[in-house]
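Below is model_34.pdb, holding PDB, C-alpha atoms and all ligand atoms.
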ATOM      1  CA  LEU K   1     -21.001  83.766 -46.772  1.00  0.00           C
ATOM      2  CA  PRO K   2     -23.132  81.302 -48.750  1.00  0.00           C
ATOM      3  CA  TYR K   3     -26.579  80.458 -47.458  1.00  0.00           C
ATOM      4  CA  LEU K   4     -26.183  77.573 -45.044  1.00  0.00           C
ATOM      5  CA  SER K   5     -29.122  75.831 -46.732  1.00  0.00           C
ATOM      6  CA  GLY K   6     -26.935  75.705 -49.849  1.00  0.00           C
ATOM      7  CA  LEU K   7     -25.119  72.850 -48.135  1.00  0.00           C
ATOM      8  CA  LEU K   8     -28.302  70.772 -48.265  1.00  0.00           C
ATOM      9  CA  PRO K   9     -29.614  69.188 -51.455  1.00  0.00           C
ATOM     10  CA  PRO K  10     -31.877  71.545 -53.486  1.00  0.00           C
ATOM     11  CA  SER K  11     -35.309  71.780 -51.875  1.00  0.00           C
ATOM     12  CA  HIS K  12     -36.962  70.004 -54.820  1.00  0.00           C
ATOM     13  CA  GLU K  13     -34.919  66.959 -53.822  1.00  0.00           C
ATOM     14  CA  PRO K  14     -35.898  66.366 -50.184  1.00  0.00           C
ATOM     15  CA  PRO K  15     -33.341  64.214 -48.352  1.00  0.00           C
ATOM     16  CA  LYS K  16     -34.213  60.543 -48.106  1.00  0.00           C
ATOM     17  CA  LEU K  17     -35.742  59.670 -44.730  1.00  0.00           C
ATOM     18  CA  ASN K  18     -33.211  57.848 -42.562  1.00  0.00           C
ATOM     19  CA  PRO K  19     -34.671  54.351 -41.952  1.00  0.00           C
ATOM     20  CA  VAL K  20     -33.982  54.720 -38.196  1.00  0.00           C
ATOM     21  CA  VAL K  21     -36.776  57.335 -37.909  1.00  0.00           C
ATOM     22  CA  GLU K  22     -39.255  55.563 -40.203  1.00  0.00           C
ATOM     23  CA  PRO K  23     -41.428  54.588 -37.145  1.00  0.00           C
ATOM     24  CA  LEU K  24     -41.949  58.350 -36.529  1.00  0.00           C
ATOM     25  CA  SER K  25     -42.645  59.313 -40.178  1.00  0.00           C
ATOM     26  CA  TRP K  26     -46.344  59.895 -39.366  1.00  0.00           C
ATOM     27  CA  MET K  27     -45.277  63.011 -37.399  1.00  0.00           C
ATOM     28  CA  LEU K  28     -43.545  64.713 -40.349  1.00  0.00           C
ATOM     29  CA  GLY K  29     -45.008  67.857 -41.847  1.00  0.00           C
ATOM     30  CA  THR K  30     -46.353  71.310 -41.089  1.00  0.00           C
ATOM     31  CA  TRP K  31     -49.349  71.230 -38.807  1.00  0.00           C
ATOM     32  CA  LEU K  32     -51.793  73.920 -37.614  1.00  0.00           C
ATOM     33  CA  SER K  33     -54.133  73.704 -34.631  1.00  0.00           C
ATOM     34  CA  ASP K  34     -57.653  72.801 -35.754  1.00  0.00           C
ATOM     35  CA  PRO K  35     -59.614  73.525 -33.597  1.00  0.00           C
ATOM     36  CA  PRO K  36     -57.645  75.800 -31.183  1.00  0.00           C
ATOM     37  CA  GLY K  37     -55.807  74.017 -28.372  1.00  0.00           C
ATOM     38  CA  ALA K  38     -57.277  73.772 -24.880  1.00  0.00           C
ATOM     39  CA  GLY K  39     -55.179  74.758 -21.861  1.00  0.00           C
ATOM     40  CA  THR K  40     -56.098  73.626 -18.361  1.00  0.00           C
ATOM     41  CA  PHE K  41     -54.535  73.335 -14.912  1.00  0.00           C
ATOM     42  CA  PRO K  42     -55.989  73.473 -11.379  1.00  0.00           C
ATOM     43  CA  THR K  43     -54.359  76.889 -10.785  1.00  0.00           C
ATOM     44  CA  LEU K  44     -55.348  78.414 -14.162  1.00  0.00           C
ATOM     45  CA  GLN K  45     -58.480  79.675 -15.877  1.00  0.00           C
ATOM     46  CA  PRO K  46     -59.056  77.411 -18.901  1.00  0.00           C
ATOM     47  CA  PHE K  47     -57.556  79.022 -22.011  1.00  0.00           C
ATOM     48  CA  GLN K  48     -57.318  78.460 -25.758  1.00  0.00           C
ATOM     49  CA  TYR K  49     -54.324  78.817 -28.044  1.00  0.00           C
ATOM     50  CA  LEU K  50     -53.274  78.457 -31.666  1.00  0.00           C
ATOM     51  CA  GLU K  51     -50.179  76.486 -32.569  1.00  0.00           C
ATOM     52  CA  GLU K  52     -47.993  76.008 -35.641  1.00  0.00           C
ATOM     53  CA  VAL K  53     -45.843  72.891 -35.709  1.00  0.00           C
ATOM     54  CA  HIS K  54     -42.980  71.985 -38.052  1.00  0.00           C
ATOM     55  CA  ILE K  55     -41.585  68.467 -37.905  1.00  0.00           C
ATOM     56  CA  SER K  56     -38.860  67.792 -40.454  1.00  0.00           C
ATOM     57  CA  HIS K  57     -35.610  65.927 -41.102  1.00  0.00           C
ATOM     58  CA  VAL K  58     -32.414  66.425 -43.082  1.00  0.00           C
ATOM     59  CA  GLY K  59     -31.636  62.746 -43.623  1.00  0.00           C
ATOM     60  CA  GLN K  60     -30.089  62.279 -40.158  1.00  0.00           C
ATOM     61  CA  PRO K  61     -31.451  59.557 -37.832  1.00  0.00           C
ATOM     62  CA  MET K  62     -33.571  62.132 -35.921  1.00  0.00           C
ATOM     63  CA  LEU K  63     -36.465  64.523 -36.474  1.00  0.00           C
ATOM     64  CA  ASN K  64     -36.299  68.302 -35.944  1.00  0.00           C
ATOM     65  CA  PHE K  65     -39.324  70.012 -34.410  1.00  0.00           C
ATOM     66  CA  SER K  66     -40.661  73.447 -33.506  1.00  0.00           C
ATOM     67  CA  PHE K  67     -43.915  74.185 -31.674  1.00  0.00           C
ATOM     68  CA  ASN K  68     -44.929  77.864 -31.770  1.00  0.00           C
ATOM     69  CA  SER K  69     -48.110  78.915 -29.982  1.00  0.00           C
ATOM     70  CA  PHE K  70     -50.119  82.113 -30.358  1.00  0.00           C
ATOM     71  CA  HIS K  71     -52.953  83.917 -28.554  1.00  0.00           C
ATOM     72  CA  PRO K  72     -56.240  82.909 -30.249  1.00  0.00           C
ATOM     73  CA  GLU K  73     -57.464  86.514 -30.771  1.00  0.00           C
ATOM     74  CA  THR K  74     -54.414  88.805 -30.850  1.00  0.00           C
ATOM     75  CA  HIS K  75     -52.097  86.200 -32.447  1.00  0.00           C
ATOM     76  CA  LYS K  76     -49.408  87.387 -30.022  1.00  0.00           C
ATOM     77  CA  PRO K  77     -46.646  84.743 -29.726  1.00  0.00           C
ATOM     78  CA  MET K  78     -46.889  82.649 -26.544  1.00  0.00           C
ATOM     79  CA  HIS K  79     -45.098  79.424 -25.601  1.00  0.00           C
ATOM     80  CA  ARG K  80     -42.350  78.296 -28.034  1.00  0.00           C
ATOM     81  CA  GLU K  81     -40.149  75.259 -28.057  1.00  0.00           C
ATOM     82  CA  CYS K  82     -37.863  73.458 -30.448  1.00  0.00           C
ATOM     83  CA  GLY K  83     -35.651  70.420 -30.438  1.00  0.00           C
ATOM     84  CA  PHE K  84     -35.077  66.925 -31.702  1.00  0.00           C
ATOM     85  CA  ILE K  85     -36.727  63.532 -31.539  1.00  0.00           C
ATOM     86  CA  ARG K  86     -34.312  60.585 -31.590  1.00  0.00           C
ATOM     87  CA  LEU K  87     -34.948  56.866 -31.873  1.00  0.00           C
ATOM     88  CA  LYS K  88     -32.610  54.244 -30.467  1.00  0.00           C
ATOM     89  CA  PRO K  89     -31.753  52.266 -33.630  1.00  0.00           C
ATOM     90  CA  ASP K  90     -33.597  48.938 -34.022  1.00  0.00           C
ATOM     91  CA  THR K  91     -35.856  49.636 -31.006  1.00  0.00           C
ATOM     92  CA  ASN K  92     -39.029  51.645 -30.320  1.00  0.00           C
ATOM     93  CA  LYS K  93     -37.231  53.717 -27.624  1.00  0.00           C
ATOM     94  CA  VAL K  94     -37.567  57.447 -28.203  1.00  0.00           C
ATOM     95  CA  ALA K  95     -35.845  60.520 -26.739  1.00  0.00           C
ATOM     96  CA  PHE K  96     -37.526  63.930 -27.039  1.00  0.00           C
ATOM     97  CA  VAL K  97     -35.119  66.842 -26.409  1.00  0.00           C
ATOM     98  CA  SER K  98     -36.622  70.336 -26.102  1.00  0.00           C
ATOM     99  CA  ALA K  99     -35.598  73.934 -25.343  1.00  0.00           C
ATOM    100  CA  GLN K 100     -38.473  76.222 -24.321  1.00  0.00           C
ATOM    101  CA  ASN K 101     -38.716  80.024 -24.363  1.00  0.00           C
ATOM    102  CA  THR K 102     -39.722  79.926 -20.676  1.00  0.00           C
ATOM    103  CA  GLY K 103     -36.119  78.997 -19.788  1.00  0.00           C
ATOM    104  CA  ILE K 104     -36.657  75.247 -19.511  1.00  0.00           C
ATOM    105  CA  VAL K 105     -34.527  72.635 -21.232  1.00  0.00           C
ATOM    106  CA  GLU K 106     -35.815  69.104 -20.888  1.00  0.00           C
ATOM    107  CA  VAL K 107     -35.271  65.512 -21.979  1.00  0.00           C
ATOM    108  CA  GLU K 108     -38.221  63.130 -22.172  1.00  0.00           C
ATOM    109  CA  GLU K 109     -37.997  59.435 -22.958  1.00  0.00           C
ATOM    110  CA  GLY K 110     -40.538  56.814 -23.932  1.00  0.00           C
ATOM    111  CA  GLU K 111     -41.767  54.636 -26.767  1.00  0.00           C
ATOM    112  CA  VAL K 112     -43.415  54.789 -30.158  1.00  0.00           C
ATOM    113  CA  ASN K 113     -46.077  52.142 -30.773  1.00  0.00           C
ATOM    114  CA  GLY K 114     -47.748  52.345 -34.168  1.00  0.00           C
ATOM    115  CA  GLN K 115     -48.948  55.921 -34.651  1.00  0.00           C
ATOM    116  CA  GLU K 116     -48.673  56.839 -30.967  1.00  0.00           C
ATOM    117  CA  LEU K 117     -45.683  58.291 -29.099  1.00  0.00           C
ATOM    118  CA  CYS K 118     -45.635  58.520 -25.283  1.00  0.00           C
ATOM    119  CA  VAL K 119     -42.724  60.234 -23.500  1.00  0.00           C
ATOM    120  CA  SER K 120     -42.102  61.348 -19.897  1.00  0.00           C
ATOM    121  CA  SER K 121     -39.515  63.690 -18.465  1.00  0.00           C
ATOM    122  CA  HIS K 122     -36.146  62.174 -17.655  1.00  0.00           C
ATOM    123  CA  SER K 123     -34.489  65.497 -16.762  1.00  0.00           C
ATOM    124  CA  ILE K 124     -35.663  69.102 -16.593  1.00  0.00           C
ATOM    125  CA  SER K 125     -33.352  72.095 -16.104  1.00  0.00           C
ATOM    126  CA  ARG K 126     -34.258  75.731 -15.916  1.00  0.00           C
ATOM    127  CA  ILE K 127     -32.682  79.152 -15.771  1.00  0.00           C
ATOM    128  CA  SER K 128     -32.018  80.461 -12.240  1.00  0.00           C
ATOM    129  CA  PHE K 129     -34.764  83.126 -12.515  1.00  0.00           C
ATOM    130  CA  ALA K 130     -37.502  80.930 -14.070  1.00  0.00           C
ATOM    131  CA  LYS K 131     -41.055  81.890 -13.110  1.00  0.00           C
ATOM    132  CA  GLU K 132     -42.627  79.921 -10.239  1.00  0.00           C
ATOM    133  CA  PRO K 133     -44.199  77.470  -9.702  1.00  0.00           C
ATOM    134  CA  HIS K 134     -41.575  75.236 -11.330  1.00  0.00           C
ATOM    135  CA  VAL K 135     -42.519  72.219 -13.409  1.00  0.00           C
ATOM    136  CA  GLU K 136     -41.220  68.989 -11.864  1.00  0.00           C
ATOM    137  CA  GLN K 137     -42.514  66.325 -14.294  1.00  0.00           C
ATOM    138  CA  ILE K 138     -43.859  66.358 -17.857  1.00  0.00           C
ATOM    139  CA  THR K 139     -45.572  63.649 -19.894  1.00  0.00           C
ATOM    140  CA  ARG K 140     -46.720  63.927 -23.495  1.00  0.00           C
ATOM    141  CA  LYS K 141     -48.695  61.764 -25.825  1.00  0.00           C
ATOM    142  CA  PHE K 142     -48.737  62.295 -29.603  1.00  0.00           C
ATOM    143  CA  ARG K 143     -50.969  60.253 -31.871  1.00  0.00           C
ATOM    144  CA  LEU K 144     -52.260  60.290 -35.412  1.00  0.00           C
ATOM    145  CA  ASN K 145     -56.029  59.910 -35.122  1.00  0.00           C
ATOM    146  CA  SER K 146     -58.383  58.077 -37.484  1.00  0.00           C
ATOM    147  CA  GLU K 147     -59.011  61.359 -39.394  1.00  0.00           C
ATOM    148  CA  GLY K 148     -55.294  61.795 -40.151  1.00  0.00           C
ATOM    149  CA  LYS K 149     -54.954  64.606 -37.613  1.00  0.00           C
ATOM    150  CA  LEU K 150     -52.064  64.836 -35.144  1.00  0.00           C
ATOM    151  CA  GLU K 151     -52.980  65.168 -31.458  1.00  0.00           C
ATOM    152  CA  GLN K 152     -50.799  66.216 -28.542  1.00  0.00           C
ATOM    153  CA  THR K 153     -51.710  65.914 -24.860  1.00  0.00           C
ATOM    154  CA  VAL K 154     -49.352  67.336 -22.211  1.00  0.00           C
ATOM    155  CA  SER K 155     -49.639  66.734 -18.462  1.00  0.00           C
ATOM    156  CA  MET K 156     -47.353  68.129 -15.796  1.00  0.00           C
ATOM    157  CA  ALA K 157     -46.654  68.172 -12.079  1.00  0.00           C
ATOM    158  CA  THR K 158     -45.429  71.400 -10.487  1.00  0.00           C
ATOM    159  CA  THR K 159     -44.094  72.285  -7.059  1.00  0.00           C
ATOM    160  CA  THR K 160     -47.729  72.983  -6.052  1.00  0.00           C
ATOM    161  CA  GLN K 161     -49.837  70.491  -8.094  1.00  0.00           C
ATOM    162  CA  PRO K 162     -49.719  66.740  -8.796  1.00  0.00           C
ATOM    163  CA  MET K 163     -49.625  65.385 -12.374  1.00  0.00           C
ATOM    164  CA  THR K 164     -52.566  67.034 -14.203  1.00  0.00           C
ATOM    165  CA  GLN K 165     -53.383  67.752 -17.853  1.00  0.00           C
ATOM    166  CA  HIS K 166     -52.114  71.160 -19.074  1.00  0.00           C
ATOM    167  CA  LEU K 167     -52.698  70.972 -22.841  1.00  0.00           C
ATOM    168  CA  HIS K 168     -54.735  69.128 -25.420  1.00  0.00           C
ATOM    169  CA  ILE K 169     -54.575  70.039 -29.084  1.00  0.00           C
ATOM    170  CA  THR K 170     -55.431  68.595 -32.491  1.00  0.00           C
ATOM    171  CA  TYR K 171     -53.520  69.683 -35.597  1.00  0.00           C
ATOM    172  CA  LYS K 172     -54.449  69.490 -39.259  1.00  0.00           C
ATOM    173  CA  LYS K 173     -51.695  68.919 -41.823  1.00  0.00           C
ATOM    174  CA  VAL K 174     -51.161  71.887 -44.158  1.00  0.00           C
TER     175      VAL K 174
HETATM  176  C1  LIG D   1     -48.770  78.261 -17.139  1.00  0.00           C
HETATM  177  C2  LIG D   1     -45.529  74.777 -17.940  1.00  0.00           C
HETATM  178  C3  LIG D   1     -46.752  74.682 -22.625  1.00  0.00           C
HETATM  179  C4  LIG D   1     -49.782  78.372 -21.882  1.00  0.00           C
HETATM  180  C5  LIG D   1     -47.803  77.300 -16.955  1.00  0.00           C
HETATM  181  C6  LIG D   1     -47.190  76.984 -15.679  1.00  0.00           C
HETATM  182  C7  LIG D   1     -46.266  76.029 -15.905  1.00  0.00           C
HETATM  183  C8  LIG D   1     -46.310  75.716 -17.316  1.00  0.00           C
HETATM  184  C9  LIG D   1     -45.349  75.382 -14.876  1.00  0.00           C
HETATM  185  C10 LIG D   1     -47.550  77.630 -14.321  1.00  0.00           C
HETATM  186  C11 LIG D   1     -48.726  76.884 -13.722  1.00  0.00           C
HETATM  187  C12 LIG D   1     -49.184  77.489 -12.398  1.00  0.00           C
HETATM  188  O1  LIG D   1     -49.136  78.718 -12.254  1.00  0.00           O
HETATM  189  O2  LIG D   1     -49.619  76.715 -11.522  1.00  0.00           O
HETATM  190  C13 LIG D   1     -45.595  74.453 -19.277  1.00  0.00           C
HETATM  191  C14 LIG D   1     -44.801  73.415 -19.897  1.00  0.00           C
HETATM  192  C15 LIG D   1     -45.144  73.382 -21.216  1.00  0.00           C
HETATM  193  C16 LIG D   1     -46.157  74.410 -21.414  1.00  0.00           C
HETATM  194  C17 LIG D   1     -43.777  72.551 -19.183  1.00  0.00           C
HETATM  195  C18 LIG D   1     -44.651  72.496 -22.330  1.00  0.00           C
HETATM  196  C19 LIG D   1     -44.225  71.271 -22.116  1.00  0.00           C
HETATM  197  C20 LIG D   1     -47.663  75.683 -22.837  1.00  0.00           C
HETATM  198  C21 LIG D   1     -48.237  76.001 -24.129  1.00  0.00           C
HETATM  199  C22 LIG D   1     -49.075  77.030 -23.931  1.00  0.00           C
HETATM  200  C23 LIG D   1     -49.053  77.361 -22.503  1.00  0.00           C
HETATM  201  C24 LIG D   1     -47.944  75.303 -25.466  1.00  0.00           C
HETATM  202  C25 LIG D   1     -49.878  77.681 -25.014  1.00  0.00           C
HETATM  203  C26 LIG D   1     -50.118  78.973 -25.085  1.00  0.00           C
HETATM  204  C27 LIG D   1     -49.753  78.652 -20.533  1.00  0.00           C
HETATM  205  C28 LIG D   1     -50.508  79.751 -19.934  1.00  0.00           C
HETATM  206  C29 LIG D   1     -50.227  79.714 -18.568  1.00  0.00           C
HETATM  207  C30 LIG D   1     -49.296  78.610 -18.357  1.00  0.00           C
HETATM  208  C31 LIG D   1     -51.416  80.719 -20.683  1.00  0.00           C
HETATM  209  C32 LIG D   1     -50.786  80.666 -17.486  1.00  0.00           C
HETATM  210  C33 LIG D   1     -50.154  82.004 -17.534  1.00  0.00           C
HETATM  211  C34 LIG D   1     -48.683  81.923 -17.366  1.00  0.00           C
HETATM  212  O3  LIG D   1     -48.213  81.429 -16.323  1.00  0.00           O
HETATM  213  O4  LIG D   1     -47.975  82.328 -18.311  1.00  0.00           O
HETATM  214  N1  LIG D   1     -47.268  76.507 -17.924  1.00  0.00           N
HETATM  215  N2  LIG D   1     -46.404  75.026 -20.217  1.00  0.00           N
HETATM  216  N3  LIG D   1     -48.180  76.513 -21.875  1.00  0.00           N
HETATM  217  N4  LIG D   1     -49.056  77.996 -19.571  1.00  0.00           N
HETATM  218 FE1  LIG D   1     -47.812  76.436 -19.877  1.00  0.00          FE
END
Starting from the coordinates I provided, produce the structure as structure tokens.
Amino acid sequence: LPYLSGLLPPSHEPPKLNPVVEPLSWMLGTWLSDPPGAGTFPTLQPFQYLEEVHISHVGQPMLNFSFNSFHPETHKPMHRECGFIRLKPDTNKVAFVSAQNTGIVEVEEGEVNGQELCVSSHSISRISFAKEPHVEQITRKFRLNSEGKLEQTVSMATTTQPMTQHLHITYKKV
């Protein structure tokens, strides 16, 4: 069987960015946490984490993403998610579709305005034996800051807590 990537143009000829996703082009690249991310929640001890992010495209009118987090000392893999970011053509309406290793699959929707993307959960599903407490709502904000670093802030509401910040992280492009 040929390598599947052989169906794509050679890697020295990256596909042309689809104009539909041009408003999200500031998210493209490989990003590493710098400094480590900060985890918070009323029920949790504050924690830190490392994260590697890949945001790419293959010329389709959508971006592909993966967020892979690691323990700051042991580098043991922690939370992982991957999916797609779609734009409604000729609008600033964005859909963020993600599958997470915790057994959650979710759709968030929102808007891109300049170099800032805000999305909130539209639907969340989970495996029947997902760990409790369950997440009931998620909001995320991504922005490119004045230093050219990508930032992500995630808040959530669970079955026991109202909407509260869970994650804040800054990434440096590598
Ligand atoms: C705990 C959701 C991303 C690390 C939790 C809890 C929920 C949750 C519902 C349980 C809170 C409680 O016990 O009250 C999510 C969602 C995420 C996300 C929806 C993405 C949208 C991450 C990321 C990390 C992380 C990127 C980075 C390592 C943790 C840790 C705990 C936790 C360490 C506490 C221990 C545990 O329950 O595993 N998260 N999380 N989470 N989360 Fe997240």
> When the PyMOL selection byres (((chain K and resi 57) around 9) and not hetatm) is applied to the file above, which residues end up in the set, as a PyMOL selection string?
Replying inline: chain K and resi 15-18+28+55-56+58-65
> Quick one: residues within 9 Å of ligand LIG 1 (chain D), with only C-alpha atoms and all ligand atoms, as a PyMOL selection string?
Replying inline: chain K and resi 37-51+67-72+77-81+98+100+102+104+106+131-140+154-161+166-167
>> Take the PyMOL selection byres (((chain K and resi 34) around 12) and not hetatm), run it mentally on this structure, and tell me the resulting residues as a list of chain:residue names.
In response: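 Applying the expression gives K:Trp31, K:Leu32, K:Ser33, K:Pro35, K:Pro36, K:Gly37, K:Ala38, K:Gln48, K:Tyr49, K:Leu50, K:Glu51, K:Glu52, K:Val53, K:Pro72, K:Lys149, K:Leu150, K:Glu151, K:Gln152, K:His168, K:Ile169, K:Thr170, K:Tyr171, K:Lys172, K:Lys173, K:Val174.
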>> Rounded to one decimal, what separation in Å do you get between CA of Ser66 in chain K and CA of Val97 in chain K?
In response: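 CA of Val97 in chain K lies at a distance of 11.2 Å from CA of Ser66 in chain K.
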Chain and number of each residue from the PyMOL selection byres (((chain K and resi 111-115) around 12) and not hetatm), as a short mmCIF file (atom, residue, chain, number, x, y, z; two decimals) with C-alpha atoms, keeping the file's coordinate frame:
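File out-v6.cif, as written:
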data_model
loop_
_atom_site.label_atom_id
_atom_site.label_comp_id
_atom_site.auth_asym_id
_atom_site.auth_seq_id
_atom_site.Cartn_x
_atom_site.Cartn_y
_atom_site.Cartn_z
CA VAL K 21 -36.78 57.34 -37.91
CA GLU K 22 -39.26 55.56 -40.20
CA PRO K 23 -41.43 54.59 -37.15
CA LEU K 24 -41.95 58.35 -36.53
CA SER K 25 -42.64 59.31 -40.18
CA TRP K 26 -46.34 59.90 -39.37
CA MET K 27 -45.28 63.01 -37.40
CA LEU K 28 -43.54 64.71 -40.35
CA ILE K 85 -36.73 63.53 -31.54
CA ARG K 86 -34.31 60.58 -31.59
CA LEU K 87 -34.95 56.87 -31.87
CA LYS K 88 -32.61 54.24 -30.47
CA THR K 91 -35.86 49.64 -31.01
CA ASN K 92 -39.03 51.64 -30.32
CA LYS K 93 -37.23 53.72 -27.62
CA VAL K 94 -37.57 57.45 -28.20
CA ALA K 95 -35.84 60.52 -26.74
CA PHE K 96 -37.53 63.93 -27.04
CA GLU K 108 -38.22 63.13 -22.17
CA GLU K 109 -38.00 59.44 -22.96
CA GLY K 110 -40.54 56.81 -23.93
CA GLU K 116 -48.67 56.84 -30.97
CA LEU K 117 -45.68 58.29 -29.10
CA CYS K 118 -45.64 58.52 -25.28
CA VAL K 119 -42.72 60.23 -23.50
CA SER K 120 -42.10 61.35 -19.90
CA THR K 139 -45.57 63.65 -19.89
CA ARG K 140 -46.72 63.93 -23.50
CA LYS K 141 -48.70 61.76 -25.82
CA PHE K 142 -48.74 62.30 -29.60
CA ARG K 143 -50.97 60.25 -31.87
CA LEU K 144 -52.26 60.29 -35.41
CA ASN K 145 -56.03 59.91 -35.12
CA SER K 146 -58.38 58.08 -37.48
CA GLY K 148 -55.29 61.80 -40.15
CA LYS K 149 -54.95 64.61 -37.61
CA LEU K 150 -52.06 64.84 -35.14
CA GLU K 151 -52.98 65.17 -31.46
#
> Between K:His54, K:Asn101, K:Pro89, K:Ser125, which is the closest to Gly29 in chain K once you count all atoms listed in the file?
Replying inline: K:His54
>> If I take CA of Gly83 in chain K and CA of Pro14 in chain K, how far is one from the other in Å, to one decimal?
In response: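 Computed distance, CA of Gly83 in chain K to CA of Pro14 in chain K, equals 20.2 Å.
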>> I'd like the interatomic distance between CA of Arg126 in chain K and CA of Cys82 in chain K, to a tenth of an Å.
In response: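 Between these atoms lies a distance of 15.1 Å.
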